[in-house]
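Student: If you scroll down you'll find the structure; I have some questions about it.
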Amino acid sequence: MKKIIIPHIHKIEGEAGFWAEVSRDGKIEKLRLQTLLGLRQIEGILIGRRVEEVPIVVSRICGICPVVHILNACRALENTLEVKPSSLTTLLRKLLLAAQIIQSHALHLFFLALPDFFNIENDLDLMKRFKKEARAALKIREFSLRVTEIIGGRAIHPMRPQIGGFSKLPDKRDIQKLSKDLSEVYDAALFLVKTFQNLSYPSLQRKTNFVSLSPKKEYAFYQGEYILTPKTFSIGDFFSSKIEEDLRRPPVKRVKHLGKPYMLGAIARIKNNQDLLSDEAKKSLGIFFKNHNLTSEKFFENTFYNLFCQTIEILHFLKKIGKLIQEILKQDLKERPFKLKIQKGSSLSAMEAPRGTLFTYFEVDTNGRILDCDIITPTAQFLNNLEEDLKVYLGNLLKVSPDERIRKIRALIRAYDPCISCATH
Amino acid sequence: MRKKPKIAIFSLTSCEGCQFALFNLGEKFFNFLRKVELAQCSLLEEESLKCDLFDIAFIEGNPITKDDFKILKEAREKAKILVALGNCAALGGIPEMKNYQNKEKTIRIIYKHVDNIANPEIKEIDNFVKVDFSIPGCPINGEEFLRLANELVEGKIPEIPQKPVCTECPLAGTKDCLLRKKEPCLGPITLAGCRAICPKSRVMCYGCRGIFKNINPKNFIIFLKRIRSQEEIEENLEIFGIKDDVKKFL
């Protein structure tokens with residue numbers, strides 16, 4: 001029996017350890033990915049608190065994707081309290097969410113994942129070697145952070161999005177400026193797509209289920225009534241009877257769908273919503289298939305391609321931002337006073353976070369205090385799938401040197417872009 | 001050439017938002033890193049250099065797991081200057097809200113079997129190690145970090161001007177003071193330096209930077225009681241971990 005242990009995997013959001021046991025004849029007996037953060041008990045903390053405090057608290061689940069935690073909680077509470085946000089609020093929220101996904105992807109792609117393809121272990125070395133790519137990634141991030149700042153009031157833990165709408169609306173001139181800068185940022189994104197187009201990806205083959213929201217008219221991100229697995233379920237049905245949380249391995253409640261692991265995030269959204277991508281994003285995906293000599297089937301069997309899917313989503317969501325900005329500029333950016341009416345009830349909301357579908361459920365009492373709460377993050381949902389992929393992948397790596405093996409295991413873990421802060425909230 | 005100061009950034013259990021505040025500075029942060037030797041930062045580097053001594057260690061987050069406590073202790077042993085990075089490390093932060101509930105009950109809302117889950121009371125890191133300086137805020141302000149860190153790398157302990165957020169509010173362009181409208185705001189007792197970023201957005205200040213030195217918040221709390229219930233005031237103080245600091249004066 002041989003043990004393969006990586007005590008600390010760095011360069012992911014949070015920290016994790018890897019542990020596997022391989023028998024002498026090369027059978028993987030056990031394999032485990034252990035998250036290494038403490039439990040902050042955010043769901044427990046929220047019980048008994050006033051609904052107005054919820055966006056502030058859930059934001060702190062994650063410093064990289066606070067926006068989606070805030071927006072999904074606001075929508076769940078609005079459903080509960082029967083508040084209908086204005087069309088302007090929805091447009092601004094979509095803009096925030098698109099920027100959130102781009103920001104997170106750009107960070108992950110360049111700073112966390114790209115170094116694995118060149119055996120670079122330090123980002124400062126990476127920036128020296130890939131100056132142009134670094135500039136492109138920083139430009140995309142700077143833009144998406146600026147969107148969050150202008151609409152949300154701050155890039156990390158924005159305070160303006162609240163139940164019902166925004167505490168303050170942005171200045172039209174700032175949005176016009178965003179519109180002007182967009183084409184240059186789009187060029188940077190095209191360059192990043194090309195960079196990831198030309199990488200040589202490790203091989204991996206394993207079939208799985210892909211889960212994402214399934215809106216009819218636009219690519220999955222904000223609107224969420226149905227889940228595609230590829231069967232269609234209402235989000236309520238999926239949440240309450242098609243998935244189960246495993247409480248045996250704290251501090252993460254791992255999730256399975258009908259007893260099976262499943263995949264979420266960019267690769268799952270593209271698998272389920274390919275036809276709804278922007279034209280250029282679709283074209284880039286086609287070119288990738290051709291250059292790498294891939295059928296669609298083979299592409300979706302290899303999770304390393306999640307990275308390329310993220311670059312495709314950056315292209316798609318930048319186009320989306322352009323359209324949203326045009327619609328927002330047509331509107332009168334004037335606040336309407338809003339007073340929260342408290343009533344008891346419960347509701348669920350689902351939204352696409354950078355790493356996949358986020359479920360947020362709240363029950364509120366007659367005093368406007370939280371009675372029950374459940375937040376199921378994408379990483380908690382795909383950790384089982386990651387372990388299954390690792391079992392297959394480790395089987396291919398038994399003959400390579402131990403150092404090389406560890407590098408490759410880390411690379412697959414990072415291709416998933418796990419967010420341990422979200423998973424262990 | 002003078003040797004570059006060695007700095008380390010450690011993340012305990014947290015959202016890592018304060019580290020991202022640095023990262024989000026983009027070029028400016030990487031320019032700062034050129035002046036120093038980054039001896040430890042798990043977000044940017046795969047392997048940490050085996051280092052016996054740091055000039056400065058920045059600590060983000062709360063000690064919750066055994067490893068968190070170990071890292072904190074080790075960082076203190078190795079660092080000449082230890083800095084609490086952000087509200088969680090400095091004041092307990094959002095996770096400290098748990099302390100105001102029955103912590104055995106809170107964890108059971110999430111898990112049935114809780115034997116193997118670390119569930120300590122949440123405490124500021126200065127309860128466990130000596131802290132030389134705190135960079136406040138949830139999240140920290142990146143620009144302020146650069147200013148303070150530049151002094152720290154020169155071996156100085158910087159000073160943050162001790163004045164309330166209210167002094168910055170009009171300068172930030174806030175036209176309607178929340179307190180004047182009889183809405184709660186903790187601006188008068190909270191340390192300035194954030195440029196009143198929340199009140200400017202018509203959101204009350206919840207005091208994430210902590211109360212400033214040499215004030216007695218007692219009279220202000222008495223004033224707040226005229227516009228809000230005791231319960232609501234206390235709950236607002238719980239959010240960013242300043243209830244314990246304010247209570248000392250009441």
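Starting from 1 in every chain, residues are counted up; chains themselves are A, B, ... following the order of the structure tokens, and ligands are numbered from 1 as listed.
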Considering only C-alpha atoms, extract the chain A residues located within 6 Å of chain B and return them as a list in words.

Tutor: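 Taking only C-alpha atoms into account, His10, Lys11, Leu37, Gly38, Arg40, Gly44, Ile45, Arg60, Ile61, Cys62, Gly63, Glu121, Asn122, Asp123, Ser167, Lys168 and Ser421 of chain A sit within 6 Å of chain B.
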
Student: Run DSSP on the backbone and tell me which residues of region 10-188 of chain B come out as strand (DSSP E); list them as number ranges by chain.

Tutor: B: 10-11, 37-41, 54-60, 79-85, 133-135

Student: Take the residues just selected and output them with C-alpha atoms as a PDB file, in the first residue's frame.

Tutor:
```pdb
ATOM      1  CA  PHE B  10      -1.061  34.460   6.670  1.00  0.00           C
ATOM      2  CA  SER B  11      -4.704  33.634   6.271  1.00  0.00           C
ATOM      3  CA  GLU B  37      10.666  39.847  -0.287  1.00  0.00           C
ATOM      4  CA  LEU B  38       7.381  37.990  -0.133  1.00  0.00           C
ATOM      5  CA  ALA B  39       8.389  35.078   2.056  1.00  0.00           C
ATOM      6  CA  GLN B  40       4.937  33.589   2.543  1.00  0.00           C
ATOM      7  CA  CYS B  41       1.637  34.062   0.762  1.00  0.00           C
ATOM      8  CA  PHE B  54      10.055  37.714   8.929  1.00  0.00           C
ATOM      9  CA  ASP B  55      10.250  41.453   9.277  1.00  0.00           C
ATOM     10  CA  ILE B  56       6.474  41.730   9.113  1.00  0.00           C
ATOM     11  CA  ALA B  57       3.722  39.131   9.325  1.00  0.00           C
ATOM     12  CA  PHE B  58       0.205  40.162   8.307  1.00  0.00           C
ATOM     13  CA  ILE B  59      -2.556  37.997   9.787  1.00  0.00           C
ATOM     14  CA  GLU B  60      -6.024  37.827   8.275  1.00  0.00           C
ATOM     15  CA  ALA B  79       7.990  37.972  13.010  1.00  0.00           C
ATOM     16  CA  LYS B  80       9.587  41.175  14.247  1.00  0.00           C
ATOM     17  CA  ILE B  81       6.321  43.043  13.649  1.00  0.00           C
ATOM     18  CA  LEU B  82       2.955  41.291  13.685  1.00  0.00           C
ATOM     19  CA  VAL B  83       0.025  43.077  12.065  1.00  0.00           C
ATOM     20  CA  ALA B  84      -3.673  42.199  12.341  1.00  0.00           C
ATOM     21  CA  LEU B  85      -5.051  42.560   8.818  1.00  0.00           C
ATOM     22  CA  PHE B 133      -0.391  47.085  14.796  1.00  0.00           C
ATOM     23  CA  SER B 134      -3.895  46.655  13.353  1.00  0.00           C
ATOM     24  CA  ILE B 135      -5.080  47.613   9.903  1.00  0.00           C
TER      25      ILE B 135
END
```

Student: Quick one: residues within 10 Å of Leu148 (chain B), only C-alpha atoms, excluding same-chain residues fewer than 2 positions away - as a PDB file with N, CA and C atoms, in the first residue's frame?

Tutor:
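As written to disk, around_3.pdb reads:
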```
ATOM      1  N   PHE B 133       0.385  46.067  15.517  1.00  0.00           N
ATOM      2  CA  PHE B 133      -0.391  47.085  14.796  1.00  0.00           C
ATOM      3  C   PHE B 133      -1.600  46.421  14.145  1.00  0.00           C
ATOM      4  N   SER B 134      -2.707  47.191  14.020  1.00  0.00           N
ATOM      5  CA  SER B 134      -3.895  46.655  13.353  1.00  0.00           C
ATOM      6  C   SER B 134      -4.282  47.534  12.177  1.00  0.00           C
ATOM      7  N   ILE B 135      -4.549  46.891  11.059  1.00  0.00           N
ATOM      8  CA  ILE B 135      -5.080  47.613   9.903  1.00  0.00           C
ATOM      9  C   ILE B 135      -6.580  47.329   9.893  1.00  0.00           C
ATOM     10  N   GLY B 142      -7.455  49.070   0.425  1.00  0.00           N
ATOM     11  CA  GLY B 142      -6.170  48.769  -0.203  1.00  0.00           C
ATOM     12  C   GLY B 142      -5.207  49.940  -0.197  1.00  0.00           C
ATOM     13  N   GLU B 143      -5.718  51.125  -0.518  1.00  0.00           N
ATOM     14  CA  GLU B 143      -4.852  52.315  -0.578  1.00  0.00           C
ATOM     15  C   GLU B 143      -4.270  52.623   0.802  1.00  0.00           C
ATOM     16  N   GLU B 144      -5.107  52.491   1.821  1.00  0.00           N
ATOM     17  CA  GLU B 144      -4.637  52.731   3.184  1.00  0.00           C
ATOM     18  C   GLU B 144      -3.576  51.695   3.553  1.00  0.00           C
ATOM     19  N   PHE B 145      -3.795  50.446   3.126  1.00  0.00           N
ATOM     20  CA  PHE B 145      -2.810  49.402   3.392  1.00  0.00           C
ATOM     21  C   PHE B 145      -1.447  49.809   2.845  1.00  0.00           C
ATOM     22  N   LEU B 146      -1.415  50.287   1.585  1.00  0.00           N
ATOM     23  CA  LEU B 146      -0.133  50.641   0.976  1.00  0.00           C
ATOM     24  C   LEU B 146       0.585  51.716   1.791  1.00  0.00           C
ATOM     25  N   ASN B 150       3.992  50.777   3.762  1.00  0.00           N
ATOM     26  CA  ASN B 150       5.250  51.431   3.405  1.00  0.00           C
ATOM     27  C   ASN B 150       5.990  51.928   4.636  1.00  0.00           C
ATOM     28  N   GLU B 151       5.239  52.379   5.635  1.00  0.00           N
ATOM     29  CA  GLU B 151       5.892  52.778   6.891  1.00  0.00           C
ATOM     30  C   GLU B 151       6.387  51.554   7.650  1.00  0.00           C
ATOM     31  N   LEU B 152       5.563  50.516   7.638  1.00  0.00           N
ATOM     32  CA  LEU B 152       5.941  49.294   8.363  1.00  0.00           C
ATOM     33  C   LEU B 152       7.229  48.687   7.807  1.00  0.00           C
ATOM     34  N   VAL B 153       7.382  48.670   6.484  1.00  0.00           N
ATOM     35  CA  VAL B 153       8.601  48.056   5.930  1.00  0.00           C
ATOM     36  C   VAL B 153       9.842  48.871   6.263  1.00  0.00           C
ATOM     37  N   LYS B 156       8.875  51.317  10.972  1.00  0.00           N
ATOM     38  CA  LYS B 156       8.112  52.228  11.842  1.00  0.00           C
ATOM     39  C   LYS B 156       6.740  51.629  12.135  1.00  0.00           C
ATOM     40  N   ILE B 157       6.197  51.954  13.302  1.00  0.00           N
ATOM     41  CA  ILE B 157       4.799  51.614  13.585  1.00  0.00           C
ATOM     42  C   ILE B 157       3.966  52.845  13.243  1.00  0.00           C
ATOM     43  N   PRO B 158       3.132  52.743  12.210  1.00  0.00           N
ATOM     44  CA  PRO B 158       2.411  53.937  11.752  1.00  0.00           C
ATOM     45  C   PRO B 158       1.323  54.368  12.729  1.00  0.00           C
ATOM     46  N   GLU B 159       0.799  55.560  12.488  1.00  0.00           N
ATOM     47  CA  GLU B 159      -0.325  56.011  13.300  1.00  0.00           C
ATOM     48  C   GLU B 159      -1.489  56.345  12.387  1.00  0.00           C
ATOM     49  N   ILE B 160      -2.670  55.901  12.800  1.00  0.00           N
ATOM     50  CA  ILE B 160      -3.869  56.272  12.062  1.00  0.00           C
ATOM     51  C   ILE B 160      -4.507  57.418  12.839  1.00  0.00           C
TER      52      ILE B 160
END
```

Student: Which residues come within 12 Å of Arg254 (chain A), counting only C-alpha atoms, excluding same-chain residues fewer than 3 positions away, as a ChimeraX atom specification?

Tutor: /A:33-35,243-251,257,259-262,375-387,423-424

Student: Which residues are near Leu92 (chain A)? Cut-off 12 Å, only C-alpha atoms, ignore same chain within fewer than 5 positions. Put them as a ChimeraX atom specification.

Tutor: /A:67,71,85-87,97-99,147-148,150-152,160-161,165-166,168-170,175,222,321,323-329,331,333

Student: Using only C-alpha atoms, which protein or nucleic acid residues come within 9 Å of Glu280 (chain A)? Drop anything in the same chain fewer than 2 positions from it, and give the result as a short mmCIF file (atom, residue, chain, number, x, y, z; two decimals) with C-alpha atoms, in the first residue's frame.

Tutor:
```cif
data_model
loop_
_atom_site.label_atom_id
_atom_site.label_comp_id
_atom_site.auth_asym_id
_atom_site.auth_seq_id
_atom_site.Cartn_x
_atom_site.Cartn_y
_atom_site.Cartn_z
CA LEU A 277 -23.65 31.99 -25.82
CA SER A 278 -22.72 35.18 -27.69
CA LYS A 282 -19.65 30.22 -29.77
CA LYS A 283 -17.16 30.73 -32.59
CA SER A 284 -14.17 30.54 -30.22
CA LEU A 285 -15.50 27.31 -28.78
CA ILE A 312 -15.35 31.74 -23.15
CA LEU A 315 -16.11 36.91 -23.64
CA HIS A 316 -19.80 36.14 -23.34
#
```

Student: Ranking A:Glu313, A:Asp374, A:Leu31, A:Lys2 by minimum distance to Tyr219 (chain A) and counting only C-alpha atoms, which one comes first?

Tutor: A:Glu313

Student: Do a neighbour search on Glu149 (chain A) at 8 Å with only C-alpha atoms, toss out local chain neighbours closer than 5 positions, and write the hits as number ranges by chain.

Tutor: A: 154-155, 158

Student: Output the selection as a PDB file, in the first residue's frame - N, CA and C atoms for each residue.

Tutor:
```pdb
ATOM      1  N   ARG A 154     -18.586  49.352  -3.554  1.00  0.00           N
ATOM      2  CA  ARG A 154     -17.259  48.885  -3.133  1.00  0.00           C
ATOM      3  C   ARG A 154     -16.987  47.574  -3.868  1.00  0.00           C
ATOM      4  N   ALA A 155     -15.699  47.312  -4.177  1.00  0.00           N
ATOM      5  CA  ALA A 155     -15.373  46.111  -4.962  1.00  0.00           C
ATOM      6  C   ALA A 155     -15.534  44.827  -4.150  1.00  0.00           C
ATOM      7  N   PRO A 158     -19.692  44.757  -1.338  1.00  0.00           N
ATOM      8  CA  PRO A 158     -20.458  45.963  -1.686  1.00  0.00           C
ATOM      9  C   PRO A 158     -21.657  46.138  -0.752  1.00  0.00           C
TER      10      PRO A 158
END
```

Student: For CA of Arg141 (chain A) and CA of Asn306 (chain A), determine how far apart the two atoms are, in Å to one decimal place.

Tutor: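 Answer for the CA of Arg141 (chain A) to CA of Asn306 (chain A) separation: 19.0 Å.
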
Student: Quote the spacing between CA of Glu388 (chain A) and CA of Ile406 (chain A) in Å to one decimal place.

Tutor: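 It comes out at 16.8 Å.
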
Student: Using only C-alpha atoms, can you tell me which of A:His292, A:Lys242, A:Arg50, A:His425 comes closest to Gly368 (chain A)?

Tutor: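 Closest residue, counting only C-alpha atoms: A:Arg50.
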
Student: Which one is closest to Glu13 (chain A): A:Leu107, A:Ser347, A:Thr208, A:Ala353? Count only C-alpha atoms.

Tutor: A:Leu107

Student: Kindly give the distance, in Å, that separates CA of Ala196 (chain B) and CA of Cys169 (chain B), rounded to a single decimal.

Tutor: 5.0 Å

Student: Can you list, as a PDB file with C-alpha atoms, in the first residue's frame, all residues belonging to region 35-247 of chain B that DSSP tags as alpha helix (DSSP H)?

Tutor:
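Written file, out28.pdb:
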```
ATOM      1  CA  LYS B  66      -5.955  23.861  15.655  1.00  0.00           C
ATOM      2  CA  ASP B  67      -3.889  24.745  12.577  1.00  0.00           C
ATOM      3  CA  ASP B  68      -5.081  28.359  12.757  1.00  0.00           C
ATOM      4  CA  PHE B  69      -3.760  28.640  16.330  1.00  0.00           C
ATOM      5  CA  LYS B  70      -0.499  26.964  15.320  1.00  0.00           C
ATOM      6  CA  ILE B  71       0.037  29.314  12.395  1.00  0.00           C
ATOM      7  CA  LEU B  72      -0.711  32.325  14.575  1.00  0.00           C
ATOM      8  CA  LYS B  73       1.789  31.252  17.228  1.00  0.00           C
ATOM      9  CA  GLU B  74       4.443  30.421  14.679  1.00  0.00           C
ATOM     10  CA  ALA B  75       3.951  33.719  12.878  1.00  0.00           C
ATOM     11  CA  ARG B  76       4.464  35.549  16.165  1.00  0.00           C
ATOM     12  CA  GLU B  77       7.623  33.612  16.940  1.00  0.00           C
ATOM     13  CA  LYS B  78       9.111  34.383  13.551  1.00  0.00           C
ATOM     14  CA  ASN B  87     -11.716  43.485  11.107  1.00  0.00           C
ATOM     15  CA  CYS B  88     -11.767  39.715  11.878  1.00  0.00           C
ATOM     16  CA  ALA B  89      -8.187  39.548  13.153  1.00  0.00           C
ATOM     17  CA  ALA B  90      -8.379  42.932  14.873  1.00  0.00           C
ATOM     18  CA  LEU B  91     -11.899  42.871  16.348  1.00  0.00           C
ATOM     19  CA  LYS B 103     -22.604  28.469  20.697  1.00  0.00           C
ATOM     20  CA  GLU B 104     -23.536  24.852  21.382  1.00  0.00           C
ATOM     21  CA  LYS B 105     -26.952  25.571  19.899  1.00  0.00           C
ATOM     22  CA  THR B 106     -25.663  27.565  16.917  1.00  0.00           C
ATOM     23  CA  ILE B 107     -23.457  24.770  15.634  1.00  0.00           C
ATOM     24  CA  ARG B 108     -26.292  22.241  16.001  1.00  0.00           C
ATOM     25  CA  ILE B 109     -28.348  24.260  13.561  1.00  0.00           C
ATOM     26  CA  ILE B 110     -25.782  23.204  10.954  1.00  0.00           C
ATOM     27  CA  GLY B 142      -6.170  48.769  -0.203  1.00  0.00           C
ATOM     28  CA  GLU B 143      -4.852  52.315  -0.578  1.00  0.00           C
ATOM     29  CA  GLU B 144      -4.637  52.731   3.184  1.00  0.00           C
ATOM     30  CA  PHE B 145      -2.810  49.402   3.392  1.00  0.00           C
ATOM     31  CA  LEU B 146      -0.133  50.641   0.976  1.00  0.00           C
ATOM     32  CA  ARG B 147       0.398  53.804   2.974  1.00  0.00           C
ATOM     33  CA  LEU B 148       0.665  51.945   6.279  1.00  0.00           C
ATOM     34  CA  ALA B 149       2.682  49.046   4.886  1.00  0.00           C
ATOM     35  CA  ASN B 150       5.250  51.431   3.405  1.00  0.00           C
ATOM     36  CA  GLU B 151       5.892  52.778   6.891  1.00  0.00           C
ATOM     37  CA  LEU B 152       5.941  49.294   8.363  1.00  0.00           C
ATOM     38  CA  VAL B 153       8.601  48.056   5.930  1.00  0.00           C
ATOM     39  CA  ILE B 197     -17.688  54.784   2.229  1.00  0.00           C
ATOM     40  CA  CYS B 198     -20.919  53.372   3.738  1.00  0.00           C
ATOM     41  CA  PRO B 199     -22.772  56.557   4.810  1.00  0.00           C
ATOM     42  CA  LYS B 200     -21.814  57.988   1.405  1.00  0.00           C
ATOM     43  CA  LYS B 218     -21.401  56.261  26.531  1.00  0.00           C
ATOM     44  CA  ASN B 219     -23.178  59.523  25.706  1.00  0.00           C
ATOM     45  CA  PHE B 220     -23.525  58.583  22.082  1.00  0.00           C
ATOM     46  CA  ILE B 221     -25.174  55.279  23.021  1.00  0.00           C
ATOM     47  CA  ILE B 222     -27.571  57.185  25.284  1.00  0.00           C
ATOM     48  CA  PHE B 223     -28.380  59.414  22.302  1.00  0.00           C
ATOM     49  CA  LEU B 224     -28.981  56.372  20.061  1.00  0.00           C
ATOM     50  CA  LYS B 225     -31.451  55.003  22.594  1.00  0.00           C
ATOM     51  CA  ARG B 226     -33.676  57.974  21.850  1.00  0.00           C
ATOM     52  CA  ILE B 227     -34.113  56.864  18.238  1.00  0.00           C
ATOM     53  CA  GLN B 230     -31.673  48.934  23.105  1.00  0.00           C
ATOM     54  CA  GLU B 231     -31.988  45.596  21.327  1.00  0.00           C
ATOM     55  CA  GLU B 232     -31.411  47.049  17.882  1.00  0.00           C
ATOM     56  CA  ILE B 233     -28.462  49.153  19.067  1.00  0.00           C
ATOM     57  CA  GLU B 234     -26.813  46.117  20.631  1.00  0.00           C
ATOM     58  CA  GLU B 235     -27.396  44.022  17.540  1.00  0.00           C
ATOM     59  CA  ASN B 236     -25.788  46.660  15.353  1.00  0.00           C
ATOM     60  CA  LEU B 237     -22.728  46.665  17.620  1.00  0.00           C
ATOM     61  CA  GLU B 238     -22.486  42.880  17.345  1.00  0.00           C
ATOM     62  CA  ILE B 239     -22.071  42.786  13.570  1.00  0.00           C
ATOM     63  CA  LYS B 243     -20.038  45.362  21.247  1.00  0.00           C
ATOM     64  CA  ASP B 244     -17.432  44.104  23.710  1.00  0.00           C
ATOM     65  CA  ASP B 245     -15.315  47.237  23.175  1.00  0.00           C
ATOM     66  CA  VAL B 246     -18.246  49.607  23.663  1.00  0.00           C
ATOM     67  CA  LYS B 247     -19.619  47.706  26.679  1.00  0.00           C
TER      68      LYS B 247
END
```
